[in-house]
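Containing PDB, C-alpha atoms and all ligand atoms: model15.pdb.
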```pdb
ATOM      1  CA  MET A   1       6.974  -4.303   9.535  1.00  0.00           C
ATOM      2  CA  GLY A   2       7.895  -2.919  12.929  1.00  0.00           C
ATOM      3  CA  GLU A   3       9.301  -6.221  14.117  1.00  0.00           C
ATOM      4  CA  SER A   4      11.432  -6.606  11.000  1.00  0.00           C
ATOM      5  CA  SER A   5      12.862  -3.159  11.732  1.00  0.00           C
ATOM      6  CA  MET A   6      13.535  -4.149  15.349  1.00  0.00           C
ATOM      7  CA  LEU A   7      11.415  -1.334  16.785  1.00  0.00           C
ATOM      8  CA  ASN A   8       9.620  -1.230  20.118  1.00  0.00           C
ATOM      9  CA  ILE A   9       5.990  -1.472  19.136  1.00  0.00           C
ATOM     10  CA  VAL A  10       2.828  -0.367  20.846  1.00  0.00           C
ATOM     11  CA  LEU A  11      -0.582  -0.535  19.231  1.00  0.00           C
ATOM     12  CA  VAL A  12      -3.106   2.265  19.333  1.00  0.00           C
ATOM     13  CA  ILE A  13      -6.774   1.582  18.718  1.00  0.00           C
ATOM     14  CA  ASN A  14      -8.222   5.016  17.967  1.00  0.00           C
ATOM     15  CA  LYS A  15     -11.768   6.314  17.393  1.00  0.00           C
ATOM     16  CA  SER A  16     -12.982   4.490  20.500  1.00  0.00           C
ATOM     17  CA  ASP A  17     -15.859   7.004  20.567  1.00  0.00           C
ATOM     18  CA  LEU A  18     -17.259   5.070  17.572  1.00  0.00           C
ATOM     19  CA  ASP A  19     -17.115   1.635  19.231  1.00  0.00           C
ATOM     20  CA  TYR A  20     -20.902   1.183  19.166  1.00  0.00           C
ATOM     21  CA  LYS A  21     -20.678  -2.602  18.949  1.00  0.00           C
ATOM     22  CA  SER A  22     -18.056  -2.922  21.701  1.00  0.00           C
ATOM     23  CA  GLN A  23     -15.536  -4.591  19.421  1.00  0.00           C
ATOM     24  CA  ILE A  24     -12.468  -2.959  20.907  1.00  0.00           C
ATOM     25  CA  ARG A  25     -12.270  -5.209  23.944  1.00  0.00           C
ATOM     26  CA  ASP A  26     -11.622  -8.358  21.910  1.00  0.00           C
ATOM     27  CA  TRP A  27      -9.081  -6.678  19.636  1.00  0.00           C
ATOM     28  CA  LYS A  28      -7.234  -5.292  22.626  1.00  0.00           C
ATOM     29  CA  GLN A  29      -7.212  -8.729  24.250  1.00  0.00           C
ATOM     30  CA  LEU A  30      -5.960 -10.430  21.089  1.00  0.00           C
ATOM     31  CA  TYR A  31      -2.964  -8.152  20.747  1.00  0.00           C
ATOM     32  CA  GLU A  32      -2.199  -8.107  24.460  1.00  0.00           C
ATOM     33  CA  ASP A  33      -2.181 -11.906  24.390  1.00  0.00           C
ATOM     34  CA  THR A  34       0.194 -11.666  21.447  1.00  0.00           C
ATOM     35  CA  GLY A  35       2.533  -9.617  23.616  1.00  0.00           C
ATOM     36  CA  TYR A  36       1.879  -5.984  22.731  1.00  0.00           C
ATOM     37  CA  ASN A  37       0.993  -2.972  24.798  1.00  0.00           C
ATOM     38  CA  VAL A  38      -2.355  -1.636  23.521  1.00  0.00           C
ATOM     39  CA  PHE A  39      -3.649   1.909  23.986  1.00  0.00           C
ATOM     40  CA  VAL A  40      -7.297   2.700  23.321  1.00  0.00           C
ATOM     41  CA  THR A  41      -7.839   6.338  22.410  1.00  0.00           C
ATOM     42  CA  SER A  42     -10.184   8.903  20.998  1.00  0.00           C
ATOM     43  CA  ALA A  43      -9.006  12.161  19.491  1.00  0.00           C
ATOM     44  CA  VAL A  44     -12.616  13.353  19.751  1.00  0.00           C
ATOM     45  CA  ASN A  45     -13.404  12.805  23.441  1.00  0.00           C
ATOM     46  CA  GLY A  46      -9.810  12.616  24.649  1.00  0.00           C
ATOM     47  CA  SER A  47      -9.994   9.196  26.252  1.00  0.00           C
ATOM     48  CA  GLY A  48      -6.677   7.361  26.602  1.00  0.00           C
ATOM     49  CA  ILE A  49      -4.710  10.388  25.439  1.00  0.00           C
ATOM     50  CA  LYS A  50      -2.917  11.020  28.729  1.00  0.00           C
ATOM     51  CA  ASP A  51      -1.631   7.449  28.964  1.00  0.00           C
ATOM     52  CA  LEU A  52      -0.404   7.479  25.392  1.00  0.00           C
ATOM     53  CA  LYS A  53       1.318  10.817  25.818  1.00  0.00           C
ATOM     54  CA  ARG A  54       3.041   9.590  28.966  1.00  0.00           C
ATOM     55  CA  HIS A  55       4.254   6.511  27.122  1.00  0.00           C
ATOM     56  CA  LEU A  56       5.723   8.577  24.282  1.00  0.00           C
ATOM     57  CA  ALA A  57       7.648  10.929  26.564  1.00  0.00           C
ATOM     58  CA  GLY A  58      11.424  10.669  26.364  1.00  0.00           C
ATOM     59  CA  LYS A  59      11.440   8.590  23.180  1.00  0.00           C
ATOM     60  CA  ILE A  60      11.676   8.925  19.436  1.00  0.00           C
ATOM     61  CA  ASN A  61       8.262   7.903  18.142  1.00  0.00           C
ATOM     62  CA  LEU A  62       6.999   6.975  14.709  1.00  0.00           C
ATOM     63  CA  PHE A  63       3.261   7.035  14.021  1.00  0.00           C
ATOM     64  CA  PHE A  64       2.484   4.396  11.452  1.00  0.00           C
ATOM     65  CA  GLY A  65      -0.775   3.059  10.073  1.00  0.00           C
ATOM     66  CA  GLN A  66      -3.387   3.407   7.377  1.00  0.00           C
ATOM     67  CA  SER A  67      -4.468   6.837   6.186  1.00  0.00           C
ATOM     68  CA  GLY A  68      -7.519   8.078   8.015  1.00  0.00           C
ATOM     69  CA  VAL A  69      -7.072   6.225  11.304  1.00  0.00           C
ATOM     70  CA  GLY A  70      -6.314   9.482  13.115  1.00  0.00           C
ATOM     71  CA  LYS A  71      -2.540   9.641  13.506  1.00  0.00           C
ATOM     72  CA  SER A  72      -2.328  13.383  12.903  1.00  0.00           C
ATOM     73  CA  SER A  73      -5.455  14.044  14.967  1.00  0.00           C
ATOM     74  CA  LEU A  74      -3.979  12.213  17.963  1.00  0.00           C
ATOM     75  CA  LEU A  75      -0.765  14.189  17.657  1.00  0.00           C
ATOM     76  CA  ASN A  76      -2.728  17.440  17.497  1.00  0.00           C
ATOM     77  CA  VAL A  77      -4.629  16.577  20.668  1.00  0.00           C
ATOM     78  CA  MET A  78      -1.426  15.676  22.518  1.00  0.00           C
ATOM     79  CA  TYR A  79       0.596  18.592  21.155  1.00  0.00           C
ATOM     80  CA  PRO A  80      -1.845  21.331  20.008  1.00  0.00           C
ATOM     81  CA  GLU A  81       0.989  23.585  18.831  1.00  0.00           C
ATOM     82  CA  LEU A  82       1.746  21.169  15.975  1.00  0.00           C
ATOM     83  CA  GLU A  83      -1.372  22.085  13.994  1.00  0.00           C
ATOM     84  CA  LEU A  84      -0.958  19.119  11.647  1.00  0.00           C
ATOM     85  CA  LYS A  85      -3.304  18.804   8.701  1.00  0.00           C
ATOM     86  CA  THR A  86      -5.970  16.151   9.204  1.00  0.00           C
ATOM     87  CA  GLY A  87      -8.849  14.626   7.358  1.00  0.00           C
ATOM     88  CA  GLU A  88      -7.121  13.865   4.110  1.00  0.00           C
ATOM     89  CA  ILE A  89      -8.312  10.296   3.925  1.00  0.00           C
ATOM     90  CA  SER A  90      -7.988   9.586   0.220  1.00  0.00           C
ATOM     91  CA  ARG A  91      -5.950  12.015  -1.775  1.00  0.00           C
ATOM     92  CA  PHE A  92      -4.877  10.240  -4.907  1.00  0.00           C
ATOM     93  CA  ASN A  93      -2.932  11.708  -7.783  1.00  0.00           C
ATOM     94  CA  GLU A  94      -3.813  10.978 -11.414  1.00  0.00           C
ATOM     95  CA  LYS A  95      -1.817   7.738 -11.339  1.00  0.00           C
ATOM     96  CA  GLY A  96      -4.033   6.419  -8.581  1.00  0.00           C
ATOM     97  CA  THR A  97      -1.338   6.402  -5.937  1.00  0.00           C
ATOM     98  CA  HIS A  98      -1.133   8.317  -2.709  1.00  0.00           C
ATOM     99  CA  THR A  99       0.141  11.844  -2.848  1.00  0.00           C
ATOM    100  CA  THR A 100       3.566  11.635  -1.303  1.00  0.00           C
ATOM    101  CA  VAL A 101       3.926  13.706   1.798  1.00  0.00           C
ATOM    102  CA  THR A 102       7.303  13.793   3.443  1.00  0.00           C
ATOM    103  CA  SER A 103       7.632  12.463   6.969  1.00  0.00           C
ATOM    104  CA  ILE A 104       9.337  14.905   9.257  1.00  0.00           C
ATOM    105  CA  MET A 105      10.625  14.525  12.786  1.00  0.00           C
ATOM    106  CA  ILE A 106       9.354  17.129  15.242  1.00  0.00           C
ATOM    107  CA  LYS A 107      10.441  17.800  18.791  1.00  0.00           C
ATOM    108  CA  THR A 108       7.200  17.396  20.729  1.00  0.00           C
ATOM    109  CA  GLU A 109       8.401  17.541  24.321  1.00  0.00           C
ATOM    110  CA  LYS A 110      11.645  17.601  26.228  1.00  0.00           C
ATOM    111  CA  ASP A 111      13.717  14.641  24.940  1.00  0.00           C
ATOM    112  CA  THR A 112      10.736  13.564  22.875  1.00  0.00           C
ATOM    113  CA  PHE A 113      10.615  13.425  19.114  1.00  0.00           C
ATOM    114  CA  THR A 114       7.758  12.368  16.894  1.00  0.00           C
ATOM    115  CA  ILE A 115       7.474  11.400  13.262  1.00  0.00           C
ATOM    116  CA  ASP A 116       4.048  11.623  11.651  1.00  0.00           C
ATOM    117  CA  THR A 117       3.827   9.566   8.473  1.00  0.00           C
ATOM    118  CA  PRO A 118       1.460   9.917   5.513  1.00  0.00           C
ATOM    119  CA  GLY A 119       0.144   6.410   6.115  1.00  0.00           C
ATOM    120  CA  ILE A 120      -0.037   3.214   4.187  1.00  0.00           C
ATOM    121  CA  ARG A 121      -2.730   1.389   2.286  1.00  0.00           C
ATOM    122  CA  GLU A 122      -1.408  -2.102   2.878  1.00  0.00           C
ATOM    123  CA  ILE A 123       1.585  -3.834   4.340  1.00  0.00           C
ATOM    124  CA  MET A 124       4.353  -4.104   1.799  1.00  0.00           C
ATOM    125  CA  PRO A 125       6.907  -6.621   2.966  1.00  0.00           C
ATOM    126  CA  TYR A 126       9.769  -5.366   0.806  1.00  0.00           C
ATOM    127  CA  GLY A 127      12.858  -7.521   0.807  1.00  0.00           C
ATOM    128  CA  LEU A 128      11.324 -10.209   2.948  1.00  0.00           C
ATOM    129  CA  LYS A 129      11.521 -13.881   2.069  1.00  0.00           C
ATOM    130  CA  LYS A 130       8.466 -16.080   2.602  1.00  0.00           C
ATOM    131  CA  GLU A 131      10.385 -18.266   5.036  1.00  0.00           C
ATOM    132  CA  ASP A 132      11.326 -15.236   7.186  1.00  0.00           C
ATOM    133  CA  LEU A 133       7.880 -13.694   7.636  1.00  0.00           C
ATOM    134  CA  GLY A 134       6.898 -15.985  10.521  1.00  0.00           C
ATOM    135  CA  HIS A 135       9.812 -14.682  12.595  1.00  0.00           C
ATOM    136  CA  TYR A 136       8.094 -11.295  12.818  1.00  0.00           C
ATOM    137  CA  PHE A 137       4.933 -12.768  14.324  1.00  0.00           C
ATOM    138  CA  ILE A 138       6.204 -12.730  17.882  1.00  0.00           C
ATOM    139  CA  ASP A 139       3.594 -15.210  19.099  1.00  0.00           C
ATOM    140  CA  PHE A 140       4.944 -17.756  16.562  1.00  0.00           C
ATOM    141  CA  LEU A 141       8.453 -17.662  17.986  1.00  0.00           C
ATOM    142  CA  SER A 142       8.073 -20.283  20.691  1.00  0.00           C
ATOM    143  CA  TYR A 143       6.877 -22.839  18.109  1.00  0.00           C
ATOM    144  CA  ILE A 144       8.786 -21.925  14.992  1.00  0.00           C
ATOM    145  CA  ASN A 145      11.949 -23.896  15.730  1.00  0.00           C
ATOM    146  CA  ASN A 146       9.930 -27.091  15.959  1.00  0.00           C
ATOM    147  CA  CYS A 147       8.888 -27.039  12.295  1.00  0.00           C
ATOM    148  CA  LYS A 148      10.273 -30.054  10.442  1.00  0.00           C
ATOM    149  CA  PHE A 149      11.884 -27.920   7.742  1.00  0.00           C
ATOM    150  CA  ASN A 150      13.845 -24.804   8.605  1.00  0.00           C
ATOM    151  CA  THR A 151      12.592 -23.214   5.384  1.00  0.00           C
ATOM    152  CA  CYS A 152       8.969 -23.836   6.457  1.00  0.00           C
ATOM    153  CA  THR A 153       6.563 -21.094   5.374  1.00  0.00           C
ATOM    154  CA  HIS A 154       3.841 -22.520   7.673  1.00  0.00           C
ATOM    155  CA  PHE A 155       1.454 -22.793   4.750  1.00  0.00           C
ATOM    156  CA  HIS A 156       1.040 -26.466   3.955  1.00  0.00           C
ATOM    157  CA  GLU A 157       4.348 -28.105   4.832  1.00  0.00           C
ATOM    158  CA  PRO A 158       4.246 -31.415   6.703  1.00  0.00           C
ATOM    159  CA  GLY A 159       5.419 -31.283  10.298  1.00  0.00           C
ATOM    160  CA  CYS A 160       4.665 -27.584  10.645  1.00  0.00           C
ATOM    161  CA  ALA A 161       4.641 -26.589  14.313  1.00  0.00           C
ATOM    162  CA  ILE A 162       2.735 -23.364  13.624  1.00  0.00           C
ATOM    163  CA  ILE A 163      -0.153 -25.142  11.901  1.00  0.00           C
ATOM    164  CA  ASN A 164      -0.170 -27.663  14.775  1.00  0.00           C
ATOM    165  CA  ALA A 165      -0.318 -24.888  17.347  1.00  0.00           C
ATOM    166  CA  VAL A 166      -3.243 -23.254  15.531  1.00  0.00           C
ATOM    167  CA  GLU A 167      -5.069 -26.587  15.358  1.00  0.00           C
ATOM    168  CA  ASN A 168      -4.472 -27.195  19.067  1.00  0.00           C
ATOM    169  CA  GLY A 169      -5.769 -23.746  19.906  1.00  0.00           C
ATOM    170  CA  ASN A 170      -2.385 -22.558  21.244  1.00  0.00           C
ATOM    171  CA  LEU A 171      -2.062 -19.919  18.540  1.00  0.00           C
ATOM    172  CA  SER A 172      -4.841 -17.583  17.493  1.00  0.00           C
ATOM    173  CA  LEU A 173      -6.502 -18.521  14.205  1.00  0.00           C
ATOM    174  CA  TYR A 174      -6.963 -14.836  13.533  1.00  0.00           C
ATOM    175  CA  ARG A 175      -3.221 -14.212  13.813  1.00  0.00           C
ATOM    176  CA  TYR A 176      -2.527 -17.159  11.533  1.00  0.00           C
ATOM    177  CA  GLU A 177      -4.957 -15.833   8.914  1.00  0.00           C
ATOM    178  CA  SER A 178      -3.275 -12.461   9.223  1.00  0.00           C
ATOM    179  CA  TYR A 179       0.022 -14.194   8.555  1.00  0.00           C
ATOM    180  CA  LEU A 180      -1.371 -15.983   5.480  1.00  0.00           C
ATOM    181  CA  ARG A 181      -2.710 -12.718   4.041  1.00  0.00           C
ATOM    182  CA  ILE A 182       0.722 -11.130   4.195  1.00  0.00           C
ATOM    183  CA  LEU A 183       2.475 -14.316   3.024  1.00  0.00           C
ATOM    184  CA  GLU A 184       0.345 -14.186  -0.124  1.00  0.00           C
ATOM    185  CA  THR A 185       1.740 -10.766  -1.016  1.00  0.00           C
ATOM    186  CA  ILE A 186       5.368 -11.890  -0.949  1.00  0.00           C
ATOM    187  CA  GLU A 187       6.628 -12.850  -4.339  1.00  0.00           C
ATOM    188  CA  GLU A 188       8.416 -16.138  -4.809  1.00  0.00           C
ATOM    189  CA  GLU A 189      12.197 -16.209  -5.155  1.00  0.00           C
ATOM    190  CA  LYS A 190      12.736 -12.533  -5.667  1.00  0.00           C
ATOM    191  CA  LEU A 191      16.338 -11.473  -5.337  1.00  0.00           C
ATOM    192  CA  TYR A 192      17.040  -8.119  -3.741  1.00  0.00           C
TER
HETATM  193  N1  LIG B   1     -14.792   9.884  15.555  1.00  0.00           N
HETATM  194  C1  LIG B   1     -13.480  10.065  15.516  1.00  0.00           C
HETATM  195  N2  LIG B   1     -12.899  10.593  14.403  1.00  0.00           N
HETATM  196  C2  LIG B   1     -11.558  10.776  14.406  1.00  0.00           C
HETATM  197  C3  LIG B   1     -10.746  10.409  15.505  1.00  0.00           C
HETATM  198  N3  LIG B   1      -9.453  10.672  15.182  1.00  0.00           N
HETATM  199  C4  LIG B   1      -9.473  11.190  13.940  1.00  0.00           C
HETATM  200  N4  LIG B   1     -10.728  11.248  13.457  1.00  0.00           N
HETATM  201  C5  LIG B   1     -11.132  11.726  12.116  1.00  0.00           C
HETATM  202  O1  LIG B   1     -10.617  10.816  11.142  1.00  0.00           O
HETATM  203  C6  LIG B   1     -10.206  11.526   9.966  1.00  0.00           C
HETATM  204  C7  LIG B   1      -8.754  11.216   9.634  1.00  0.00           C
HETATM  205  O2  LIG B   1      -7.921  11.724  10.667  1.00  0.00           O
HETATM  206  P1  LIG B   1      -6.378  12.026  10.420  1.00  0.00           P
HETATM  207  O3  LIG B   1      -5.818  12.495  11.722  1.00  0.00           O
HETATM  208  O4  LIG B   1      -6.172  12.909   9.246  1.00  0.00           O
HETATM  209  O5  LIG B   1      -5.835  10.572  10.075  1.00  0.00           O
HETATM  210  P2  LIG B   1      -4.362  10.151   9.576  1.00  0.00           P
HETATM  211  O6  LIG B   1      -4.476   9.994   8.092  1.00  0.00           O
HETATM  212  O7  LIG B   1      -4.087   8.826  10.241  1.00  0.00           O
HETATM  213  O8  LIG B   1      -3.404  11.211   9.987  1.00  0.00           O
HETATM  214  C8  LIG B   1     -10.453  13.002  10.267  1.00  0.00           C
HETATM  215  O9  LIG B   1     -11.684  13.361   9.682  1.00  0.00           O
HETATM  216  C9  LIG B   1     -10.534  13.070  11.767  1.00  0.00           C
HETATM  217  O10 LIG B   1     -11.330  14.132  12.220  1.00  0.00           O
HETATM  218  C10 LIG B   1     -11.389   9.858  16.687  1.00  0.00           C
HETATM  219  O11 LIG B   1     -10.780   9.505  17.697  1.00  0.00           O
HETATM  220  N5  LIG B   1     -12.748   9.713  16.628  1.00  0.00           N
HETATM  221 MG    MG B   2      -2.066  12.307   8.845  1.00  0.00          MG
HETATM  222 ZN    ZN B   3       6.035 -24.252   9.881  1.00  0.00          ZN
END
```
Show me, as structure tokens, the structure contained in the file I just sent.
Amino acid sequence: MGESSMLNIVLVINKSDLDYKSQIRDWKQLYEDTGYNVFVTSAVNGSGIKDLKRHLAGKINLFFGQSGVGKSSLLNVMYPELELKTGEISRFNEKGTHTTVTSIMIKTEKDTFTIDTPGIREIMPYGLKKEDLGHYFIDFLSYINNCKFNTCTHFHEPGCAIINAVENGNLSLYRYESYLRILETIEEEKLY
């Protein structure tokens, strides 16, 4: 979603204090190999907070991710004066949807603005065509122009350079499966 909005993206892996099985290292590696800056943080023991705060300085920042991952908690640790509400992991209204909370932009430091968002439950690729999704997987980009068909959705088409790259081990199978999961949620031939 960030790539389709042409934003500068960094990933934050929070709750590192709960990484009992040491899973963070591999996730960090995967996304660094993909081409993203990855911060590993804990709002509980403060690790990684300084680096993240330094990175945010002087920019307009949007915190985006599932409810409950600790977006508001991280902001509170970095900027205690904000006193954002935290811990509301699953507030649903009677229709079974998330209670809408408005996103507001706050000045958090000199020349630094931050938007906390209520969070998402899943990625909703509004307005995206199946054949465009692959362009937002930045690790696909060096292969994508070699697909036989320029409308390739990298699902089952013959001569697909993405599928080839996955089979040759040049692209991560995990990233490809991630791609397929989102592809599945895009409806066919919807006109916007
Ligand atoms: N163990 C641990 N819990 C955290 C951490 N960050 C947030 N939490 C907890 O996770 C829950 C959701 O946090 P919150 O900031 O409201 O998440 P948000 O929905 O993304 O804004 C709260 O109960 C927090 O106390 C962390 O780094 N470590
Ligand atoms: Mg929050
Ligand atoms: Zn393809």
Legend entry - Contacts of Asn150 of chain A at 9 Å (only C-alpha atoms; same-chain gap of 5+ positions) as a ChimeraX atom specification: /A:131,144-145
Inset, instruction - Using atom CA of Thr153 of chain A and atom CA of Leu183 of chain A as the two end points, give the distance in Å to one decimal. - result: 8.3 Å
Inset, instruction - Taking the file as shown, find all residues satisfying the PyMOL selection byres (((not hetatm)) within 9 of (chain B and resi 2)) and write them as a list in words. - result: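 That expression, the PyMOL selection byres (((not hetatm)) within 9 of (chain B and resi 2)), corresponds here to Ser67, Gly68, Val69, Gly70, Lys71, Ser72, Ser73, Leu84, Lys85, Thr86, Gly87, Glu88, Ile89, Asp116, Thr117, Pro118 and Gly119 of chain A.
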Legend entry - Expected answer as number ranges by chain: residues within 12 Å of ligand ZN 3 (chain B), only C-alpha atoms and all ligand atoms: A: 130-135, 140-166, 176, 179-180
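Among the candidates A:Val12, A:Leu171, A:Val44, A:Ile182, the residue lying nearest to Gly65 of chain A is A:Val12 (atoms considered: only C-alpha atoms).
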Give, as lines of an AutoDock Vina configuration file, the centre coordinates and the x, y and z edge lengths in Å to one decimal for an axis-aligned box around all listed atoms of ligand LIG 1 (chain B), padded by 4 Å on each side.
```
center_x = -9.1
center_y = 11.5
center_z = 12.9
size_x = 19.4
size_y = 13.3
size_z = 17.6
```
Might you spell out which residues the PyMOL selection byres (((chain A and resi 6-8) around 10) and not hetatm) would select in the displayed file, as a PDB file with C-alpha atoms, keeping the file's coordinate frame?
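Generated file (result.pdb):
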```pdb
ATOM      1  CA  MET A   1       6.974  -4.303   9.535  1.00  0.00           C
ATOM      2  CA  GLY A   2       7.895  -2.919  12.929  1.00  0.00           C
ATOM      3  CA  GLU A   3       9.301  -6.221  14.117  1.00  0.00           C
ATOM      4  CA  SER A   4      11.432  -6.606  11.000  1.00  0.00           C
ATOM      5  CA  SER A   5      12.862  -3.159  11.732  1.00  0.00           C
ATOM      6  CA  ILE A   9       5.990  -1.472  19.136  1.00  0.00           C
ATOM      7  CA  VAL A  10       2.828  -0.367  20.846  1.00  0.00           C
ATOM      8  CA  TYR A  36       1.879  -5.984  22.731  1.00  0.00           C
ATOM      9  CA  ASN A  37       0.993  -2.972  24.798  1.00  0.00           C
ATOM     10  CA  ASN A  61       8.262   7.903  18.142  1.00  0.00           C
ATOM     11  CA  LEU A  62       6.999   6.975  14.709  1.00  0.00           C
ATOM     12  CA  TYR A 136       8.094 -11.295  12.818  1.00  0.00           C
TER      13      TYR A 136
END
```
Inset, instruction - Find the residue from A:Gln23, A:Thr185, A:Thr114, A:Ser47 that sits nearest to ligand LIG 1 (chain B); use only C-alpha atoms and all ligand atoms when measuring. - result: A:Ser47
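In this model, the gap between atom CA of Ala43 of chain A and atom C2 of ligand LIG 1 (chain B) comes to 5.9 Å.
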Inset, instruction - Find the residue from A:Phe63, A:Tyr31, A:Tyr174, A:Tyr79 that sits nearest to Met105 of chain A; use all atoms listed in the file when measuring. - result: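 Counting all atoms listed in the file, the residue closest to Met105 of chain A is A:Phe63.
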Inset, instruction - Figure out the distance between atom CA of Leu30 of chain A and atom CA of Glu184 of chain A, please, to one decimal in Å. - result: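 Interatomic distance here is 22.4 Å.
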Inset, instruction - Name the residues captured by the PyMOL selection byres (((chain A and resi 50) around 12) and not hetatm) when it is applied to the shown file; answer as an MDAnalysis selection string. - result: chainID A and resid 39:43 45:49 51:57 74:75 77:79
